[in-house]
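For reference, the structure discussed in these notes is given below.
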Amino acid sequence: MRTSARTAGVLTGLTLALGGIFVAPAAHADIPSCTNMVQQTGVEVSDTVRTACTQGVHADLQGCVSALTGAGVPGGAATGACRMAANPPS
């Protein structure tokens with residue numbers, strides 16, 4: 001194997017490995033913050049609510065809000081809960 005090909009392979013592997021380190025914290029799920037906010041509205045935390053909060057974690061805010069409002073969470077609280085899931089507090 002040529003040195004340049006080996007170097008390129010090592011650099012690619014290193015880039016992927018380091019990229020995973022920096023991406024992992026951003027993918028941190030904050031489902032508990034989302035479900036706690038839902039619970040504060042008086043809506044029971046069900047599988048539907050957990051699934052909706054998971055959508056929020058994966059940046060599907062529209063799907064999260066839609067699912068939470070369908071589960072009975074008022075619109076403003078649903079939006080806030082989904083934002084908490086997507087952007088956990090530091």
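Residue names in the structure tokens use chain letters A, B, ... in the order shown, residue numbers from 1 in each chain, and ligand numbers from 1 in the order shown.
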
Set the distance at 12 Å and use only C-alpha atoms: which residues neighbour stretch 69-83 of chain A once local chain neighbours fewer than 5 positions away are removed? I'd like the list as a PDB file with all heavy atoms, in the first residue's frame.
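Saved the output as part_9.pdb:
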ATOM      1  N   ALA A  29     -30.189  13.058  24.667  1.00  0.00           N
ATOM      2  CA  ALA A  29     -31.644  13.149  24.758  1.00  0.00           C
ATOM      3  C   ALA A  29     -32.054  13.812  26.059  1.00  0.00           C
ATOM      4  O   ALA A  29     -31.534  13.476  27.117  1.00  0.00           O
ATOM      5  CB  ALA A  29     -32.246  11.760  24.673  1.00  0.00           C
ATOM      6  N   ASP A  30     -32.968  14.741  25.982  1.00  0.00           N
ATOM      7  CA  ASP A  30     -33.493  15.335  27.198  1.00  0.00           C
ATOM      8  C   ASP A  30     -34.987  15.078  27.261  1.00  0.00           C
ATOM      9  O   ASP A  30     -35.797  16.000  27.373  1.00  0.00           O
ATOM     10  CB  ASP A  30     -33.166  16.820  27.271  1.00  0.00           C
ATOM     11  CG  ASP A  30     -33.200  17.313  28.710  1.00  0.00           C
ATOM     12  OD1 ASP A  30     -33.477  16.505  29.617  1.00  0.00           O
ATOM     13  OD2 ASP A  30     -32.957  18.494  28.934  1.00  0.00           O
ATOM     14  N   ILE A  31     -35.319  13.817  27.178  1.00  0.00           N
ATOM     15  CA  ILE A  31     -36.714  13.407  27.246  1.00  0.00           C
ATOM     16  C   ILE A  31     -37.310  13.712  28.621  1.00  0.00           C
ATOM     17  O   ILE A  31     -38.447  14.164  28.700  1.00  0.00           O
ATOM     18  CB  ILE A  31     -36.852  11.922  26.845  1.00  0.00           C
ATOM     19  CG1 ILE A  31     -36.468  11.776  25.366  1.00  0.00           C
ATOM     20  CG2 ILE A  31     -38.264  11.412  27.099  1.00  0.00           C
ATOM     21  CD1 ILE A  31     -36.360  10.363  24.882  1.00  0.00           C
ATOM     22  N   PRO A  32     -36.555  13.533  29.726  1.00  0.00           N
ATOM     23  CA  PRO A  32     -37.136  13.846  31.032  1.00  0.00           C
ATOM     24  C   PRO A  32     -37.605  15.307  31.169  1.00  0.00           C
ATOM     25  O   PRO A  32     -38.656  15.558  31.750  1.00  0.00           O
ATOM     26  CB  PRO A  32     -36.011  13.526  32.025  1.00  0.00           C
ATOM     27  CG  PRO A  32     -35.201  12.490  31.331  1.00  0.00           C
ATOM     28  CD  PRO A  32     -35.246  12.878  29.884  1.00  0.00           C
ATOM     29  N   SER A  33     -36.864  16.253  30.633  1.00  0.00           N
ATOM     30  CA  SER A  33     -37.296  17.660  30.701  1.00  0.00           C
ATOM     31  C   SER A  33     -38.599  17.854  29.943  1.00  0.00           C
ATOM     32  O   SER A  33     -39.495  18.569  30.390  1.00  0.00           O
ATOM     33  CB  SER A  33     -36.225  18.580  30.118  1.00  0.00           C
ATOM     34  OG  SER A  33     -35.109  18.601  30.956  1.00  0.00           O
ATOM     35  N   CYS A  34     -38.693  17.206  28.801  1.00  0.00           N
ATOM     36  CA  CYS A  34     -39.903  17.296  27.983  1.00  0.00           C
ATOM     37  C   CYS A  34     -41.089  16.677  28.720  1.00  0.00           C
ATOM     38  O   CYS A  34     -42.153  17.292  28.843  1.00  0.00           O
ATOM     39  CB  CYS A  34     -39.661  16.597  26.643  1.00  0.00           C
ATOM     40  SG  CYS A  34     -41.073  16.564  25.522  1.00  0.00           S
ATOM     41  N   THR A  35     -40.901  15.472  29.247  1.00  0.00           N
ATOM     42  CA  THR A  35     -42.014  14.801  29.921  1.00  0.00           C
ATOM     43  C   THR A  35     -42.404  15.508  31.220  1.00  0.00           C
ATOM     44  O   THR A  35     -43.578  15.540  31.578  1.00  0.00           O
ATOM     45  CB  THR A  35     -41.691  13.317  30.188  1.00  0.00           C
ATOM     46  OG1 THR A  35     -40.490  13.215  30.949  1.00  0.00           O
ATOM     47  CG2 THR A  35     -41.560  12.535  28.890  1.00  0.00           C
ATOM     48  N   ASN A  36     -41.426  16.094  31.908  1.00  0.00           N
ATOM     49  CA  ASN A  36     -41.740  16.851  33.127  1.00  0.00           C
ATOM     50  C   ASN A  36     -42.613  18.056  32.802  1.00  0.00           C
ATOM     51  O   ASN A  36     -43.551  18.375  33.545  1.00  0.00           O
ATOM     52  CB  ASN A  36     -40.469  17.302  33.843  1.00  0.00           C
ATOM     53  CG  ASN A  36     -39.764  16.166  34.542  1.00  0.00           C
ATOM     54  OD1 ASN A  36     -40.358  15.130  34.826  1.00  0.00           O
ATOM     55  ND2 ASN A  36     -38.483  16.348  34.817  1.00  0.00           N
ATOM     56  N   MET A  37     -42.298  18.726  31.707  1.00  0.00           N
ATOM     57  CA  MET A  37     -43.098  19.890  31.320  1.00  0.00           C
ATOM     58  C   MET A  37     -44.523  19.463  30.955  1.00  0.00           C
ATOM     59  O   MET A  37     -45.488  20.138  31.302  1.00  0.00           O
ATOM     60  CB  MET A  37     -42.442  20.632  30.154  1.00  0.00           C
ATOM     61  CG  MET A  37     -43.091  21.957  29.843  1.00  0.00           C
ATOM     62  SD  MET A  37     -42.170  22.907  28.623  1.00  0.00           S
ATOM     63  CE  MET A  37     -41.057  23.773  29.715  1.00  0.00           C
ATOM     64  N   VAL A  38     -44.638  18.323  30.298  1.00  0.00           N
ATOM     65  CA  VAL A  38     -45.963  17.788  29.955  1.00  0.00           C
ATOM     66  C   VAL A  38     -46.730  17.468  31.230  1.00  0.00           C
ATOM     67  O   VAL A  38     -47.901  17.813  31.379  1.00  0.00           O
ATOM     68  CB  VAL A  38     -45.835  16.522  29.060  1.00  0.00           C
ATOM     69  CG1 VAL A  38     -47.152  15.789  28.955  1.00  0.00           C
ATOM     70  CG2 VAL A  38     -45.314  16.904  27.680  1.00  0.00           C
ATOM     71  N   GLN A  39     -46.055  16.844  32.178  1.00  0.00           N
ATOM     72  CA  GLN A  39     -46.683  16.460  33.444  1.00  0.00           C
ATOM     73  C   GLN A  39     -47.197  17.690  34.199  1.00  0.00           C
ATOM     74  O   GLN A  39     -48.247  17.629  34.842  1.00  0.00           O
ATOM     75  CB  GLN A  39     -45.668  15.716  34.304  1.00  0.00           C
ATOM     76  CG  GLN A  39     -46.226  14.601  35.104  1.00  0.00           C
ATOM     77  CD  GLN A  39     -45.121  13.736  35.704  1.00  0.00           C
ATOM     78  OE1 GLN A  39     -43.971  14.148  35.801  1.00  0.00           O
ATOM     79  NE2 GLN A  39     -45.483  12.534  36.100  1.00  0.00           N
ATOM     80  N   GLN A  40     -46.488  18.799  34.105  1.00  0.00           N
ATOM     81  CA  GLN A  40     -46.898  20.031  34.778  1.00  0.00           C
ATOM     82  C   GLN A  40     -48.212  20.577  34.231  1.00  0.00           C
ATOM     83  O   GLN A  40     -48.893  21.332  34.909  1.00  0.00           O
ATOM     84  CB  GLN A  40     -45.804  21.090  34.677  1.00  0.00           C
ATOM     85  CG  GLN A  40     -44.587  20.761  35.512  1.00  0.00           C
ATOM     86  CD  GLN A  40     -43.453  21.744  35.293  1.00  0.00           C
ATOM     87  OE1 GLN A  40     -43.581  22.719  34.575  1.00  0.00           O
ATOM     88  NE2 GLN A  40     -42.316  21.467  35.921  1.00  0.00           N
ATOM     89  N   THR A  41     -48.575  20.173  33.021  1.00  0.00           N
ATOM     90  CA  THR A  41     -49.846  20.624  32.440  1.00  0.00           C
ATOM     91  C   THR A  41     -51.003  19.741  32.886  1.00  0.00           C
ATOM     92  O   THR A  41     -52.158  20.019  32.546  1.00  0.00           O
ATOM     93  CB  THR A  41     -49.799  20.638  30.894  1.00  0.00           C
ATOM     94  OG1 THR A  41     -49.697  19.292  30.409  1.00  0.00           O
ATOM     95  CG2 THR A  41     -48.655  21.478  30.369  1.00  0.00           C
ATOM     96  N   GLY A  42     -50.680  18.660  33.606  1.00  0.00           N
ATOM     97  CA  GLY A  42     -51.729  17.762  34.075  1.00  0.00           C
ATOM     98  C   GLY A  42     -52.003  16.601  33.137  1.00  0.00           C
ATOM     99  O   GLY A  42     -52.907  15.795  33.376  1.00  0.00           O
ATOM    100  N   VAL A  43     -51.222  16.491  32.070  1.00  0.00           N
ATOM    101  CA  VAL A  43     -51.393  15.390  31.122  1.00  0.00           C
ATOM    102  C   VAL A  43     -50.499  14.237  31.568  1.00  0.00           C
ATOM    103  O   VAL A  43     -49.334  14.427  31.926  1.00  0.00           O
ATOM    104  CB  VAL A  43     -51.025  15.837  29.688  1.00  0.00           C
ATOM    105  CG1 VAL A  43     -51.041  14.660  28.722  1.00  0.00           C
ATOM    106  CG2 VAL A  43     -51.964  16.934  29.217  1.00  0.00           C
ATOM    107  N   GLU A  44     -51.076  13.033  31.564  1.00  0.00           N
ATOM    108  CA  GLU A  44     -50.329  11.844  31.956  1.00  0.00           C
ATOM    109  C   GLU A  44     -49.238  11.540  30.933  1.00  0.00           C
ATOM    110  O   GLU A  44     -49.458  11.633  29.722  1.00  0.00           O
ATOM    111  CB  GLU A  44     -51.275  10.658  32.053  1.00  0.00           C
ATOM    112  CG  GLU A  44     -50.618   9.386  32.530  1.00  0.00           C
ATOM    113  CD  GLU A  44     -51.587   8.221  32.598  1.00  0.00           C
ATOM    114  OE1 GLU A  44     -52.793   8.466  32.797  1.00  0.00           O
ATOM    115  OE2 GLU A  44     -51.133   7.085  32.446  1.00  0.00           O
ATOM    116  N   VAL A  45     -48.058  11.174  31.427  1.00  0.00           N
ATOM    117  CA  VAL A  45     -46.949  10.815  30.544  1.00  0.00           C
ATOM    118  C   VAL A  45     -47.158   9.376  30.083  1.00  0.00           C
ATOM    119  O   VAL A  45     -47.015   8.436  30.855  1.00  0.00           O
ATOM    120  CB  VAL A  45     -45.587  10.988  31.245  1.00  0.00           C
ATOM    121  CG1 VAL A  45     -44.462  10.512  30.343  1.00  0.00           C
ATOM    122  CG2 VAL A  45     -45.379  12.441  31.635  1.00  0.00           C
ATOM    123  N   SER A  46     -47.516   9.253  28.823  1.00  0.00           N
ATOM    124  CA  SER A  46     -47.796   7.947  28.221  1.00  0.00           C
ATOM    125  C   SER A  46     -46.723   7.629  27.178  1.00  0.00           C
ATOM    126  O   SER A  46     -45.807   8.421  26.946  1.00  0.00           O
ATOM    127  CB  SER A  46     -49.164   8.003  27.534  1.00  0.00           C
ATOM    128  OG  SER A  46     -49.129   8.965  26.491  1.00  0.00           O
ATOM    129  N   ASP A  47     -46.868   6.480  26.548  1.00  0.00           N
ATOM    130  CA  ASP A  47     -45.949   6.130  25.457  1.00  0.00           C
ATOM    131  C   ASP A  47     -46.040   7.147  24.328  1.00  0.00           C
ATOM    132  O   ASP A  47     -45.043   7.475  23.689  1.00  0.00           O
ATOM    133  CB  ASP A  47     -46.247   4.723  24.922  1.00  0.00           C
ATOM    134  CG  ASP A  47     -45.797   3.633  25.889  1.00  0.00           C
ATOM    135  OD1 ASP A  47     -44.937   3.905  26.747  1.00  0.00           O
ATOM    136  OD2 ASP A  47     -46.325   2.509  25.788  1.00  0.00           O
ATOM    137  N   THR A  48     -47.236   7.670  24.084  1.00  0.00           N
ATOM    138  CA  THR A  48     -47.427   8.684  23.040  1.00  0.00           C
ATOM    139  C   THR A  48     -46.614   9.925  23.361  1.00  0.00           C
ATOM    140  O   THR A  48     -45.966  10.500  22.481  1.00  0.00           O
ATOM    141  CB  THR A  48     -48.918   9.048  22.909  1.00  0.00           C
ATOM    142  OG1 THR A  48     -49.651   7.864  22.609  1.00  0.00           O
ATOM    143  CG2 THR A  48     -49.153  10.091  21.846  1.00  0.00           C
ATOM    144  N   VAL A  49     -46.638  10.339  24.623  1.00  0.00           N
ATOM    145  CA  VAL A  49     -45.883  11.525  25.049  1.00  0.00           C
ATOM    146  C   VAL A  49     -44.385  11.272  24.928  1.00  0.00           C
ATOM    147  O   VAL A  49     -43.646  12.110  24.411  1.00  0.00           O
ATOM    148  CB  VAL A  49     -46.271  11.925  26.489  1.00  0.00           C
ATOM    149  CG1 VAL A  49     -45.316  12.970  27.039  1.00  0.00           C
ATOM    150  CG2 VAL A  49     -47.707  12.431  26.532  1.00  0.00           C
ATOM    151  N   ARG A  50     -43.931  10.109  25.360  1.00  0.00           N
ATOM    152  CA  ARG A  50     -42.505   9.782  25.265  1.00  0.00           C
ATOM    153  C   ARG A  50     -42.053   9.745  23.806  1.00  0.00           C
ATOM    154  O   ARG A  50     -40.967  10.227  23.472  1.00  0.00           O
ATOM    155  CB  ARG A  50     -42.213   8.453  25.949  1.00  0.00           C
ATOM    156  CG  ARG A  50     -42.201   8.540  27.449  1.00  0.00           C
ATOM    157  CD  ARG A  50     -41.760   7.217  28.094  1.00  0.00           C
ATOM    158  NE  ARG A  50     -42.224   7.145  29.451  1.00  0.00           N
ATOM    159  CZ  ARG A  50     -43.415   6.712  29.846  1.00  0.00           C
ATOM    160  NH1 ARG A  50     -44.274   6.264  28.962  1.00  0.00           N
ATOM    161  NH2 ARG A  50     -43.751   6.698  31.113  1.00  0.00           N
ATOM    162  N   THR A  51     -42.876   9.191  22.949  1.00  0.00           N
ATOM    163  CA  THR A  51     -42.546   9.141  21.519  1.00  0.00           C
ATOM    164  C   THR A  51     -42.476  10.545  20.939  1.00  0.00           C
ATOM    165  O   THR A  51     -41.569  10.863  20.165  1.00  0.00           O
ATOM    166  CB  THR A  51     -43.593   8.295  20.751  1.00  0.00           C
ATOM    167  OG1 THR A  51     -43.585   6.973  21.294  1.00  0.00           O
ATOM    168  CG2 THR A  51     -43.292   8.247  19.273  1.00  0.00           C
ATOM    169  N   ALA A  52     -43.411  11.393  21.336  1.00  0.00           N
ATOM    170  CA  ALA A  52     -43.404  12.780  20.862  1.00  0.00           C
ATOM    171  C   ALA A  52     -42.137  13.496  21.325  1.00  0.00           C
ATOM    172  O   ALA A  52     -41.485  14.198  20.538  1.00  0.00           O
ATOM    173  CB  ALA A  52     -44.640  13.525  21.362  1.00  0.00           C
ATOM    174  N   CYS A  53     -41.771  13.308  22.581  1.00  0.00           N
ATOM    175  CA  CYS A  53     -40.554  13.941  23.106  1.00  0.00           C
ATOM    176  C   CYS A  53     -39.316  13.419  22.379  1.00  0.00           C
ATOM    177  O   CYS A  53     -38.374  14.175  22.131  1.00  0.00           O
ATOM    178  CB  CYS A  53     -40.443  13.719  24.611  1.00  0.00           C
ATOM    179  SG  CYS A  53     -41.657  14.669  25.568  1.00  0.00           S
ATOM    180  N   THR A  54     -39.334  12.153  22.016  1.00  0.00           N
ATOM    181  CA  THR A  54     -38.227  11.591  21.246  1.00  0.00           C
ATOM    182  C   THR A  54     -38.126  12.269  19.887  1.00  0.00           C
ATOM    183  O   THR A  54     -37.034  12.532  19.393  1.00  0.00           O
ATOM    184  CB  THR A  54     -38.393  10.068  21.085  1.00  0.00           C
ATOM    185  OG1 THR A  54     -38.454   9.485  22.392  1.00  0.00           O
ATOM    186  CG2 THR A  54     -37.259   9.455  20.303  1.00  0.00           C
ATOM    187  N   GLN A  55     -39.262  12.579  19.280  1.00  0.00           N
ATOM    188  CA  GLN A  55     -39.245  13.308  18.015  1.00  0.00           C
ATOM    189  C   GLN A  55     -38.590  14.669  18.213  1.00  0.00           C
ATOM    190  O   GLN A  55     -37.844  15.136  17.361  1.00  0.00           O
ATOM    191  CB  GLN A  55     -40.669  13.504  17.478  1.00  0.00           C
ATOM    192  CG  GLN A  55     -41.289  12.253  16.921  1.00  0.00           C
ATOM    193  CD  GLN A  55     -42.708  12.507  16.461  1.00  0.00           C
ATOM    194  OE1 GLN A  55     -43.603  12.709  17.271  1.00  0.00           O
ATOM    195  NE2 GLN A  55     -42.899  12.505  15.153  1.00  0.00           N
ATOM    196  N   GLY A  56     -38.876  15.311  19.324  1.00  0.00           N
ATOM    197  CA  GLY A  56     -38.257  16.601  19.629  1.00  0.00           C
ATOM    198  C   GLY A  56     -36.753  16.486  19.760  1.00  0.00           C
ATOM    199  O   GLY A  56     -36.014  17.341  19.278  1.00  0.00           O
ATOM    200  N   VAL A  57     -36.292  15.419  20.401  1.00  0.00           N
ATOM    201  CA  VAL A  57     -34.851  15.191  20.546  1.00  0.00           C
ATOM    202  C   VAL A  57     -34.195  15.096  19.177  1.00  0.00           C
ATOM    203  O   VAL A  57     -33.091  15.569  18.973  1.00  0.00           O
ATOM    204  CB  VAL A  57     -34.592  13.905  21.367  1.00  0.00           C
ATOM    205  CG1 VAL A  57     -33.140  13.468  21.272  1.00  0.00           C
ATOM    206  CG2 VAL A  57     -34.986  14.130  22.818  1.00  0.00           C
ATOM    207  N   HIS A  58     -34.909  14.512  18.229  1.00  0.00           N
ATOM    208  CA  HIS A  58     -34.367  14.334  16.877  1.00  0.00           C
ATOM    209  C   HIS A  58     -34.697  15.509  15.958  1.00  0.00           C
ATOM    210  O   HIS A  58     -34.677  15.371  14.742  1.00  0.00           O
ATOM    211  CB  HIS A  58     -34.862  13.014  16.282  1.00  0.00           C
ATOM    212  CG  HIS A  58     -34.336  11.833  17.023  1.00  0.00           C
ATOM    213  ND1 HIS A  58     -33.021  11.450  16.998  1.00  0.00           N
ATOM    214  CD2 HIS A  58     -34.953  10.961  17.872  1.00  0.00           C
ATOM    215  CE1 HIS A  58     -32.852  10.393  17.771  1.00  0.00           C
ATOM    216  NE2 HIS A  58     -34.008  10.083  18.319  1.00  0.00           N
ATOM    217  N   ALA A  59     -35.009  16.657  16.560  1.00  0.00           N
ATOM    218  CA  ALA A  59     -35.233  17.924  15.856  1.00  0.00           C
ATOM    219  C   ALA A  59     -36.476  17.931  14.966  1.00  0.00           C
ATOM    220  O   ALA A  59     -36.589  18.742  14.066  1.00  0.00           O
ATOM    221  CB  ALA A  59     -33.995  18.333  15.061  1.00  0.00           C
ATOM    222  N   ASP A  60     -37.418  17.036  15.221  1.00  0.00           N
ATOM    223  CA  ASP A  60     -38.697  17.067  14.510  1.00  0.00           C
ATOM    224  C   ASP A  60     -39.689  17.814  15.407  1.00  0.00           C
ATOM    225  O   ASP A  60     -40.590  17.227  16.003  1.00  0.00           O
ATOM    226  CB  ASP A  60     -39.180  15.649  14.205  1.00  0.00           C
ATOM    227  CG  ASP A  60     -40.524  15.620  13.475  1.00  0.00           C
ATOM    228  OD1 ASP A  60     -41.009  16.701  13.070  1.00  0.00           O
ATOM    229  OD2 ASP A  60     -41.079  14.519  13.315  1.00  0.00           O
ATOM    230  N   LEU A  61     -39.480  19.132  15.516  1.00  0.00           N
ATOM    231  CA  LEU A  61     -40.299  19.928  16.429  1.00  0.00           C
ATOM    232  C   LEU A  61     -41.757  19.941  16.025  1.00  0.00           C
ATOM    233  O   LEU A  61     -42.646  19.858  16.874  1.00  0.00           O
ATOM    234  CB  LEU A  61     -39.749  21.350  16.524  1.00  0.00           C
ATOM    235  CG  LEU A  61     -38.361  21.462  17.148  1.00  0.00           C
ATOM    236  CD1 LEU A  61     -37.908  22.917  17.201  1.00  0.00           C
ATOM    237  CD2 LEU A  61     -38.331  20.858  18.530  1.00  0.00           C
ATOM    238  N   GLN A  62     -42.017  20.031  14.741  1.00  0.00           N
ATOM    239  CA  GLN A  62     -43.405  20.060  14.271  1.00  0.00           C
ATOM    240  C   GLN A  62     -44.122  18.757  14.616  1.00  0.00           C
ATOM    241  O   GLN A  62     -45.253  18.766  15.099  1.00  0.00           O
ATOM    242  CB  GLN A  62     -43.425  20.312  12.772  1.00  0.00           C
ATOM    243  CG  GLN A  62     -44.733  20.818  12.257  1.00  0.00           C
ATOM    244  CD  GLN A  62     -44.595  21.314  10.820  1.00  0.00           C
ATOM    245  OE1 GLN A  62     -43.756  20.837  10.062  1.00  0.00           O
ATOM    246  NE2 GLN A  62     -45.424  22.263  10.451  1.00  0.00           N
ATOM    247  N   GLY A  63     -43.455  17.627  14.393  1.00  0.00           N
ATOM    248  CA  GLY A  63     -44.042  16.332  14.723  1.00  0.00           C
ATOM    249  C   GLY A  63     -44.236  16.166  16.216  1.00  0.00           C
ATOM    250  O   GLY A  63     -45.250  15.635  16.668  1.00  0.00           O
ATOM    251  N   CYS A  64     -43.283  16.658  16.988  1.00  0.00           N
ATOM    252  CA  CYS A  64     -43.367  16.586  18.446  1.00  0.00           C
ATOM    253  C   CYS A  64     -44.556  17.397  18.953  1.00  0.00           C
ATOM    254  O   CYS A  64     -45.374  16.892  19.721  1.00  0.00           O
ATOM    255  CB  CYS A  64     -42.055  17.110  19.050  1.00  0.00           C
ATOM    256  SG  CYS A  64     -42.043  17.193  20.854  1.00  0.00           S
ATOM    257  N   PRO A  88     -31.595  20.882  25.206  1.00  0.00           N
ATOM    258  CA  PRO A  88     -31.579  20.757  26.664  1.00  0.00           C
ATOM    259  C   PRO A  88     -30.788  21.895  27.304  1.00  0.00           C
ATOM    260  O   PRO A  88     -29.827  22.372  26.741  1.00  0.00           O
ATOM    261  CB  PRO A  88     -30.894  19.408  26.903  1.00  0.00           C
ATOM    262  CG  PRO A  88     -30.205  19.071  25.640  1.00  0.00           C
ATOM    263  CD  PRO A  88     -30.904  19.803  24.543  1.00  0.00           C
ATOM    264  N   PRO A  89     -31.224  22.321  28.485  1.00  0.00           N
ATOM    265  CA  PRO A  89     -30.483  23.387  29.168  1.00  0.00           C
ATOM    266  C   PRO A  89     -29.088  22.914  29.549  1.00  0.00           C
ATOM    267  O   PRO A  89     -28.876  21.748  29.858  1.00  0.00           O
ATOM    268  CB  PRO A  89     -31.325  23.668  30.425  1.00  0.00           C
ATOM    269  CG  PRO A  89     -32.192  22.483  30.592  1.00  0.00           C
ATOM    270  CD  PRO A  89     -32.343  21.831  29.260  1.00  0.00           C
TER     271      PRO A  89
END
